Amino acid sequence: MSLPRRPSLPFRSGNCHACGGTPSFRWTVGPEEKQKWERNLQSYANELAFFLNRDLQKALEKHSVLVPKLYGHESVPGRRYVLLTENLKPSWTTWAVHPATRSPEVFRWLAGFHGAFQGLLPEHTLWDFGTHVHLDRRPSKELENLPQSIADFCRDFAGLDPFFGRPESRLLGQRLQSVARKVSEHLSPGPENRPRVTLVHGDFKGANYFLKNEGEGCCAFDWQWTGPGLGATDLIYLFCGSVEDEIVQDYQRWLKLYHDHLIQTAGAVEQYNYSFDAFLLDFKAATLDYARWVFAYRLMGDTPEKFRARAENVDVNLGLFRRHPPRIRWLLQLVEEFLSDFEE
């Protein structure tokens, strides 16, 4: 069952003189808190819209892409959303980081999901674009803080890995900031990239997909940030958050496996000639965009001590990149390699 979560809202207390001095409480919600709450409500509405769209569900069934069944729902638009879905826990398991041997199932599921809609997205009432990472969905101050955030992170983690101590690493934030808008435009769905647009999950991490306990099988859930986009955005989310080191060390092999399965799944792909080179450029853009979000938001003010604390008490909802410095080194190495494609 999916239930809306209330954000923590500030309140002020006072005395009600009409009630003889009985304490009373008054909510005082600032603009940011109100915007966040409204966005959360929209995300719950988005999940319901995903399940109720028969064209989307039929496309998934046609391509044998597993998602939980919706058994019932209740909603008051703009106020409350309750969904009752299939319980997979008896026979399926979620992983903070899934075993490397299960990676083929996960990448094939993702390719099948994207392939079901590649260049052929039906009418829908989902977000205009998927993911909560997109630049246009983030506060402007995040981008302003990006250079300092990366410089501070590299300074604090230099004792763990000399890569972070390099002057070039500390300056990556400035370079990433300078291409952020160009990268965002590359990833935004529009007429010019329609053949490459599909439906993206938007929050594809270990906490949001099940793997079968016996045999093979992958089944994703949580459709709050699902909408049109480029499939590569889901891939970098997966790489940074939920796979073993040996997978990212050979990431191009896994990109090729994904792309091959995408071609097999989506007959439209060959028609539109979504070559591996074009897909790789999309992955580069997605990587830069994801790194911008990671450092401008998720890792702001992080220290080695915070990483160690998370590693000692693993939260399945927190990606591996938030407790495993080698994953951040890998991400920044890709950023340094990929930046030139968008700086020219």
# chains A, B, ... in the order shown; residues from 1 in each chain; ligands from 1
>>> closest_atom_pairs(of="stretch 94-169 of chain A", to="stretch 288-307 of chain A", cutoff="12 Å", atoms="only C-alpha atoms", output="tab-separated table")
residue	atom	partner	partner_atom	distance
A:Thr131	CA	A:Tyr290	CA	10.4
A:His132	CA	A:Trp293	CA	9.5
A:Val133	CA	A:Trp293	CA	6.1
A:His134	CA	A:Asp289	CA	7.3
A:Leu135	CA	A:Asp289	CA	7.7
A:Asp136	CA	A:Asp289	CA	11.2
A:Arg137	CA	A:Trp293	CA	10.5
A:Arg138	CA	A:Trp293	CA	8.4
A:Pro139	CA	A:Tyr297	CA	9.7
A:Ser140	CA	A:Ala296	CA	10.1
A:Lys141	CA	A:Ala296	CA	8.7
A:Glu142	CA	A:Ala296	CA	5.0
A:Leu143	CA	A:Ala296	CA	6.2
A:Glu144	CA	A:Ala296	CA	8.2
A:Asn145	CA	A:Ala296	CA	6.1
A:Leu146	CA	A:Ala296	CA	4.8
A:Pro147	CA	A:Ala296	CA	8.4
A:Gln148	CA	A:Ala296	CA	9.0
A:Ser149	CA	A:Met300	CA	5.8
A:Ile150	CA	A:Phe295	CA	6.2
A:Ala151	CA	A:Phe295	CA	9.9
A:Asp152	CA	A:Gly301	CA	7.7
A:Phe153	CA	A:Asp302	CA	6.9
A:Cys154	CA	A:Thr303	CA	9.8
A:Arg155	CA	A:Thr303	CA	9.7
A:Asp156	CA	A:Thr303	CA	6.3
A:Phe157	CA	A:Pro304	CA	6.4
A:Ala158	CA	A:Pro304	CA	9.9
A:Gly159	CA	A:Pro304	CA	9.3
A:Leu160	CA	A:Pro304	CA	8.3
A:Asp161	CA	A:Pro304	CA	11.2
>>> write_last_selection(atoms="N, CA, C and O atoms", output="compact mmCIF listing (two decimals), in the first residue's frame")
# COMPACT_ATOMS: atom_id res chain seq x y z
N THR A 131 11.74 12.01 -13.68
CA THR A 131 12.84 12.18 -12.71
C THR A 131 12.68 13.44 -11.86
O THR A 131 12.14 14.45 -12.32
N HIS A 132 13.17 13.36 -10.63
CA HIS A 132 13.21 14.52 -9.75
C HIS A 132 14.57 15.21 -9.82
O HIS A 132 14.81 16.20 -9.13
N VAL A 133 15.47 14.69 -10.66
CA VAL A 133 16.84 15.18 -10.76
C VAL A 133 16.96 16.35 -11.74
O VAL A 133 17.84 17.20 -11.61
N HIS A 134 16.07 16.41 -12.71
CA HIS A 134 16.14 17.38 -13.80
C HIS A 134 16.34 18.80 -13.27
O HIS A 134 15.74 19.21 -12.28
N LEU A 135 17.18 19.56 -13.96
CA LEU A 135 17.53 20.91 -13.53
C LEU A 135 16.31 21.79 -13.33
O LEU A 135 16.25 22.59 -12.38
N ASP A 136 15.32 21.67 -14.20
CA ASP A 136 14.13 22.52 -14.09
C ASP A 136 13.25 22.16 -12.91
O ASP A 136 12.28 22.88 -12.62
N ARG A 137 13.56 21.07 -12.24
CA ARG A 137 12.78 20.66 -11.07
C ARG A 137 13.52 20.96 -9.77
O ARG A 137 13.04 20.64 -8.69
N ARG A 138 14.67 21.59 -9.86
CA ARG A 138 15.49 21.84 -8.68
C ARG A 138 15.54 23.34 -8.36
O ARG A 138 15.45 24.17 -9.27
N PRO A 139 15.72 23.71 -7.09
CA PRO A 139 15.86 25.12 -6.73
C PRO A 139 17.09 25.73 -7.38
O PRO A 139 18.13 25.07 -7.50
N SER A 140 17.00 26.98 -7.79
CA SER A 140 18.10 27.63 -8.52
C SER A 140 19.37 27.73 -7.67
O SER A 140 20.48 27.70 -8.20
N LYS A 141 19.21 27.82 -6.35
CA LYS A 141 20.38 27.98 -5.49
C LYS A 141 21.29 26.76 -5.52
O LYS A 141 22.48 26.86 -5.22
N GLU A 142 20.73 25.59 -5.88
CA GLU A 142 21.56 24.39 -5.95
C GLU A 142 22.67 24.56 -6.97
O GLU A 142 23.83 24.24 -6.70
N LEU A 143 22.33 25.04 -8.14
CA LEU A 143 23.33 25.21 -9.19
C LEU A 143 24.37 26.25 -8.78
O LEU A 143 25.56 26.11 -9.08
N GLU A 144 23.93 27.28 -8.08
CA GLU A 144 24.86 28.31 -7.60
C GLU A 144 25.89 27.72 -6.64
O GLU A 144 27.04 28.15 -6.61
N ASN A 145 25.47 26.73 -5.84
CA ASN A 145 26.35 26.16 -4.83
C ASN A 145 27.26 25.06 -5.36
O ASN A 145 28.13 24.56 -4.64
N LEU A 146 27.05 24.65 -6.61
CA LEU A 146 27.74 23.48 -7.14
C LEU A 146 29.27 23.57 -7.10
O LEU A 146 29.93 22.65 -6.61
N PRO A 147 29.90 24.65 -7.59
CA PRO A 147 31.38 24.69 -7.57
C PRO A 147 31.95 24.55 -6.17
O PRO A 147 32.92 23.81 -5.96
N GLN A 148 31.36 25.26 -5.20
CA GLN A 148 31.87 25.19 -3.84
C GLN A 148 31.65 23.82 -3.23
O GLN A 148 32.50 23.30 -2.49
N SER A 149 30.50 23.20 -3.56
CA SER A 149 30.20 21.88 -3.00
C SER A 149 31.22 20.84 -3.44
O SER A 149 31.72 20.06 -2.63
N ILE A 150 31.56 20.81 -4.73
CA ILE A 150 32.55 19.84 -5.22
C ILE A 150 33.93 20.15 -4.65
O ILE A 150 34.67 19.23 -4.25
N ALA A 151 34.29 21.42 -4.58
CA ALA A 151 35.60 21.80 -4.03
C ALA A 151 35.71 21.36 -2.57
O ALA A 151 36.74 20.81 -2.14
N ASP A 152 34.63 21.57 -1.79
CA ASP A 152 34.64 21.19 -0.38
C ASP A 152 34.71 19.68 -0.22
O ASP A 152 35.43 19.16 0.64
N PHE A 153 33.95 18.97 -1.05
CA PHE A 153 33.95 17.51 -0.97
C PHE A 153 35.35 16.97 -1.26
O PHE A 153 35.86 16.10 -0.53
N CYS A 154 35.96 17.45 -2.31
CA CYS A 154 37.30 16.97 -2.68
C CYS A 154 38.32 17.29 -1.59
O CYS A 154 39.20 16.47 -1.29
N ARG A 155 38.20 18.45 -1.00
CA ARG A 155 39.10 18.81 0.11
C ARG A 155 38.94 17.84 1.28
O ARG A 155 39.93 17.33 1.83
N ASP A 156 37.70 17.55 1.65
CA ASP A 156 37.45 16.72 2.83
C ASP A 156 37.77 15.24 2.59
O ASP A 156 38.07 14.52 3.55
N PHE A 157 37.71 14.79 1.35
CA PHE A 157 37.94 13.37 1.05
C PHE A 157 39.33 13.10 0.47
O PHE A 157 39.64 11.96 0.13
N ALA A 158 40.15 14.14 0.37
CA ALA A 158 41.49 13.98 -0.22
C ALA A 158 42.34 12.99 0.56
O ALA A 158 43.20 12.31 -0.01
N GLY A 159 42.10 12.87 1.85
CA GLY A 159 42.88 11.93 2.66
C GLY A 159 42.54 10.48 2.40
O GLY A 159 43.32 9.59 2.74
N LEU A 160 41.38 10.24 1.77
CA LEU A 160 40.97 8.86 1.46
C LEU A 160 41.44 8.41 0.08
O LEU A 160 41.63 7.22 -0.14
N ASP A 161 41.61 9.37 -0.82
CA ASP A 161 41.97 9.01 -2.19
C ASP A 161 42.65 10.22 -2.83
O ASP A 161 42.06 11.31 -2.86
>>> select_by_dssp(residues="stretch 159-298 of chain A", states="strand (DSSP E or B)", output="JSON, numbers by chain")
{"A": [197, 198, 199, 200, 209, 210, 211, 212, 218, 219, 220, 227, 228, 229, 230]}
>>> closest_residue(among="A:Val106, A:Pro228, A:Phe338, A:Arg80", to="A:Thr94", atoms="only C-alpha atoms")
A:Val106
>>> closest_atom_pairs(of="stretch 111-202 of chain A", to="stretch 46-49 of chain A", cutoff="9 Å", atoms="only C-alpha atoms", output="CSV")
residue,atom,partner,partner_atom,distance
A:His124,CA,A:Ala49,CA,8.0
A:Thr125,CA,A:Ala49,CA,6.5
A:Leu126,CA,A:Asn46,CA,5.4
A:Trp127,CA,A:Asn46,CA,6.9
>>> write_last_selection(atoms="N, CA and C atoms", output="compact mmCIF listing (two decimals), in the first residue's frame")
# COMPACT_ATOMS: atom_id res chain seq x y z
N HIS A 124 -0.87 10.40 -22.27
CA HIS A 124 -0.79 10.16 -20.83
C HIS A 124 -1.02 11.47 -20.08
N THR A 125 -1.20 11.35 -18.77
CA THR A 125 -1.34 12.52 -17.90
C THR A 125 -0.24 12.52 -16.84
N LEU A 126 0.90 11.95 -17.16
CA LEU A 126 2.04 11.92 -16.25
C LEU A 126 2.76 13.27 -16.28
N TRP A 127 3.88 13.36 -15.53
CA TRP A 127 4.71 14.55 -15.58
C TRP A 127 5.08 14.88 -17.03
>>> residues_around(residues="A:Lys212", least_positions_apart="6", cutoff="10 Å", atoms="only C-alpha atoms", output="VMD selection string")
chain A and resid 88 to 94 102 105 218 to 219
>>> atom_distance(atom1="atom CA of A:Leu332", atom2="atom CA of A:Leu187")
19.5 Å
>>> closest_residue(among="A:Ala278, A:Leu320, A:Ala285, A:Ala180", to="A:Gly206", atoms="only C-alpha atoms")
A:Leu320
>>> closest_residue(among="A:Trp330, A:Phe279, A:Phe107, A:Phe321", to="A:Tyr258", atoms="only C-alpha atoms")
A:Phe107
>>> closest_residue(among="A:Trp37, A:Tyr274, A:Phe283, A:Phe50", to="A:Gly115", atoms="only C-alpha atoms")
A:Tyr274
>>> residues_around(residues="A:Ser188", least_positions_apart="3", cutoff="12 Å", atoms="only C-alpha atoms", output="number ranges by chain")
A: 128-131, 133-137, 181-185, 191-194, 196-198, 200, 227-231, 233, 282, 285-286, 289
>>> closest_residue(among="A:Ser178, A:Thr287, A:Gln333, A:Asn40", to="A:Leu238", atoms="only C-alpha atoms")
A:Thr287
>>> residues_around(residues="stretch 261-265 of chain A", least_positions_apart="4", cutoff="9 Å", atoms="only C-alpha atoms", output="compact mmCIF listing (two decimals) with N, CA, C and O atoms, in the first residue's frame")
# COMPACT_ATOMS: atom_id res chain seq x y z
N HIS A 63 5.17 -6.61 -23.72
CA HIS A 63 6.60 -6.89 -23.69
C HIS A 63 7.03 -7.66 -22.46
O HIS A 63 8.23 -7.77 -22.18
N PHE A 107 19.23 -5.09 -15.74
CA PHE A 107 19.45 -4.32 -16.97
C PHE A 107 18.47 -4.74 -18.06
O PHE A 107 18.01 -3.89 -18.84
N ARG A 108 18.14 -6.02 -18.12
CA ARG A 108 17.16 -6.46 -19.12
C ARG A 108 15.78 -5.92 -18.80
O ARG A 108 15.02 -5.54 -19.71
N LEU A 110 15.08 -3.10 -17.28
CA LEU A 110 15.09 -1.68 -17.60
C LEU A 110 15.03 -1.46 -19.11
O LEU A 110 14.29 -0.58 -19.59
N ALA A 111 15.77 -2.27 -19.86
CA ALA A 111 15.73 -2.15 -21.32
C ALA A 111 14.35 -2.52 -21.86
O ALA A 111 13.85 -1.89 -22.80
N GLY A 112 13.72 -3.53 -21.26
CA GLY A 112 12.38 -3.90 -21.68
C GLY A 112 11.36 -2.81 -21.38
O GLY A 112 10.47 -2.51 -22.18
N PHE A 113 11.49 -2.19 -20.20
CA PHE A 113 10.59 -1.10 -19.82
C PHE A 113 10.73 0.08 -20.77
O PHE A 113 9.75 0.60 -21.30
N HIS A 114 11.99 0.49 -21.04
CA HIS A 114 12.21 1.59 -21.97
C HIS A 114 11.80 1.20 -23.39
O HIS A 114 11.21 2.01 -24.12
N GLY A 115 12.12 -0.03 -23.78
CA GLY A 115 11.81 -0.46 -25.14
C GLY A 115 10.33 -0.49 -25.44
O GLY A 115 9.92 -0.32 -26.59
N ALA A 116 9.51 -0.70 -24.41
CA ALA A 116 8.06 -0.74 -24.60
C ALA A 116 7.51 0.60 -25.07
O ALA A 116 6.42 0.66 -25.65
N GLN A 118 9.84 3.23 -26.47
CA GLN A 118 10.88 3.99 -27.17
C GLN A 118 10.34 4.63 -28.44
O GLN A 118 9.99 3.94 -29.41
N LYS A 256 26.24 -1.79 -23.30
CA LYS A 256 26.04 -2.53 -24.56
C LYS A 256 24.96 -3.61 -24.37
O LYS A 256 24.10 -3.79 -25.25
N LEU A 257 24.99 -4.31 -23.25
CA LEU A 257 23.97 -5.32 -22.97
C LEU A 257 22.59 -4.68 -22.95
O LEU A 257 21.63 -5.20 -23.54
N VAL A 269 13.12 1.20 -32.63
CA VAL A 269 14.46 1.74 -32.43
C VAL A 269 15.27 1.69 -33.72
O VAL A 269 15.92 2.64 -34.11
N GLU A 270 15.23 0.55 -34.41
CA GLU A 270 16.01 0.43 -35.64
C GLU A 270 15.48 1.40 -36.69
O GLU A 270 16.24 1.99 -37.45
N TYR A 274 18.49 4.54 -33.51
CA TYR A 274 19.05 4.95 -32.22
C TYR A 274 20.30 4.12 -32.00
O TYR A 274 20.29 3.11 -31.32
>>> atom_distance(atom1="atom CA of A:Phe276", atom2="atom CA of A:Gly190")
20.4 Å
>>> closest_residue(among="A:Gly241, A:Gly72, A:Gly30, A:Pro325", to="A:Ala96", atoms="only C-alpha atoms")
A:Gly241
>>> decode(residues="stretch 164-176 of chain A", atoms="all heavy atoms", output="tab-separated table (two decimals), in the first residue's frame")
chain	number	residue	atom	x	y	z
A	164	PHE	N	40.85	12.87	-5.20
A	164	PHE	CA	40.09	14.02	-4.73
A	164	PHE	C	40.99	15.22	-4.41
A	164	PHE	O	40.51	16.36	-4.36
A	164	PHE	CB	39.28	13.64	-3.48
A	164	PHE	CG	38.25	12.59	-3.73
A	164	PHE	CD1	38.30	11.37	-3.05
A	164	PHE	CD2	37.23	12.79	-4.64
A	164	PHE	CE1	37.35	10.39	-3.27
A	164	PHE	CE2	36.27	11.81	-4.88
A	164	PHE	CZ	36.33	10.61	-4.19
A	165	GLY	N	42.27	14.97	-4.17
A	165	GLY	CA	43.20	16.04	-3.84
A	165	GLY	C	43.74	16.79	-5.05
A	165	GLY	O	44.41	17.82	-4.90
A	166	ARG	N	43.48	16.30	-6.25
A	166	ARG	CA	43.96	16.96	-7.46
A	166	ARG	C	43.27	18.31	-7.67
A	166	ARG	O	42.05	18.43	-7.48
A	166	ARG	CB	43.69	16.09	-8.69
A	166	ARG	CG	44.32	14.72	-8.65
A	166	ARG	CD	43.64	13.76	-9.63
A	166	ARG	NE	43.69	14.25	-11.01
A	166	ARG	CZ	42.62	14.51	-11.74
A	166	ARG	NH1	41.40	14.37	-11.24
A	166	ARG	NH2	42.75	14.92	-12.98
A	167	PRO	N	44.02	19.34	-8.07
A	167	PRO	CA	43.38	20.63	-8.39
A	167	PRO	C	42.31	20.47	-9.47
A	167	PRO	O	41.27	21.13	-9.42
A	167	PRO	CB	44.54	21.50	-8.88
A	167	PRO	CG	45.76	20.88	-8.26
A	167	PRO	CD	45.49	19.41	-8.18
A	168	GLU	N	42.56	19.58	-10.44
A	168	GLU	CA	41.58	19.36	-11.52
A	168	GLU	C	40.25	18.86	-10.98
A	168	GLU	O	39.18	19.21	-11.49
A	168	GLU	CB	42.13	18.37	-12.54
A	168	GLU	CG	43.40	18.82	-13.25
A	168	GLU	CD	44.65	18.37	-12.52
A	168	GLU	OE1	44.57	18.06	-11.31
A	168	GLU	OE2	45.71	18.32	-13.18
A	169	SER	N	40.30	18.01	-9.94
A	169	SER	CA	39.07	17.48	-9.36
A	169	SER	C	38.28	18.59	-8.67
A	169	SER	O	37.05	18.67	-8.80
A	169	SER	CB	39.39	16.36	-8.37
A	169	SER	OG	40.03	15.27	-9.02
A	170	ARG	N	38.98	19.43	-7.94
A	170	ARG	CA	38.30	20.50	-7.20
A	170	ARG	C	37.63	21.51	-8.13
A	170	ARG	O	36.66	22.16	-7.75
A	170	ARG	CB	39.29	21.21	-6.28
A	170	ARG	CG	39.82	20.33	-5.16
A	170	ARG	CD	40.47	21.16	-4.07
A	170	ARG	NE	41.62	21.92	-4.56
A	170	ARG	CZ	42.86	21.44	-4.58
A	170	ARG	NH1	43.11	20.20	-4.13
A	170	ARG	NH2	43.87	22.17	-5.03
A	171	LEU	N	38.14	21.62	-9.36
A	171	LEU	CA	37.59	22.59	-10.31
A	171	LEU	C	36.47	22.02	-11.18
A	171	LEU	O	35.91	22.75	-12.01
A	171	LEU	CB	38.71	23.13	-11.20
A	171	LEU	CG	39.77	23.98	-10.50
A	171	LEU	CD1	40.89	24.34	-11.46
A	171	LEU	CD2	39.14	25.25	-9.93
A	172	LEU	N	36.15	20.76	-11.01
A	172	LEU	CA	35.11	20.14	-11.85
A	172	LEU	C	33.75	20.80	-11.65
A	172	LEU	O	32.92	20.82	-12.56
A	172	LEU	CB	35.02	18.64	-11.56
A	172	LEU	CG	36.16	17.79	-12.12
A	172	LEU	CD1	36.04	16.35	-11.65
A	172	LEU	CD2	36.17	17.85	-13.65
A	173	GLY	N	33.51	21.35	-10.46
A	173	GLY	CA	32.23	21.99	-10.20
A	173	GLY	C	31.99	23.20	-11.10
A	173	GLY	O	30.87	23.41	-11.58
A	174	GLN	N	33.01	23.97	-11.33
A	174	GLN	CA	32.88	25.14	-12.20
A	174	GLN	C	32.56	24.70	-13.63
A	174	GLN	O	31.70	25.29	-14.30
A	174	GLN	CB	34.16	25.96	-12.18
A	174	GLN	CG	34.48	26.57	-10.82
A	174	GLN	CD	35.79	27.34	-10.84
A	174	GLN	OE1	36.30	27.71	-11.90
A	174	GLN	NE2	36.36	27.57	-9.67
A	175	ARG	N	33.25	23.68	-14.08
A	175	ARG	CA	33.02	23.20	-15.45
A	175	ARG	C	31.63	22.58	-15.59
A	175	ARG	O	30.94	22.80	-16.59
A	175	ARG	CB	34.10	22.18	-15.83
A	175	ARG	CG	35.51	22.76	-15.85
A	175	ARG	CD	36.54	21.66	-16.13
A	175	ARG	NE	36.34	21.04	-17.43
A	175	ARG	CZ	36.95	19.94	-17.84
A	175	ARG	NH1	37.80	19.31	-17.02
A	175	ARG	NH2	36.74	19.45	-19.04
A	176	LEU	N	31.23	21.84	-14.57
A	176	LEU	CA	29.91	21.21	-14.59
A	176	LEU	C	28.81	22.26	-14.55
A	176	LEU	O	27.79	22.15	-15.26
A	176	LEU	CB	29.79	20.26	-13.40
A	176	LEU	CG	28.68	19.21	-13.40
A	176	LEU	CD1	28.74	18.36	-14.66
A	176	LEU	CD2	28.81	18.33	-12.16
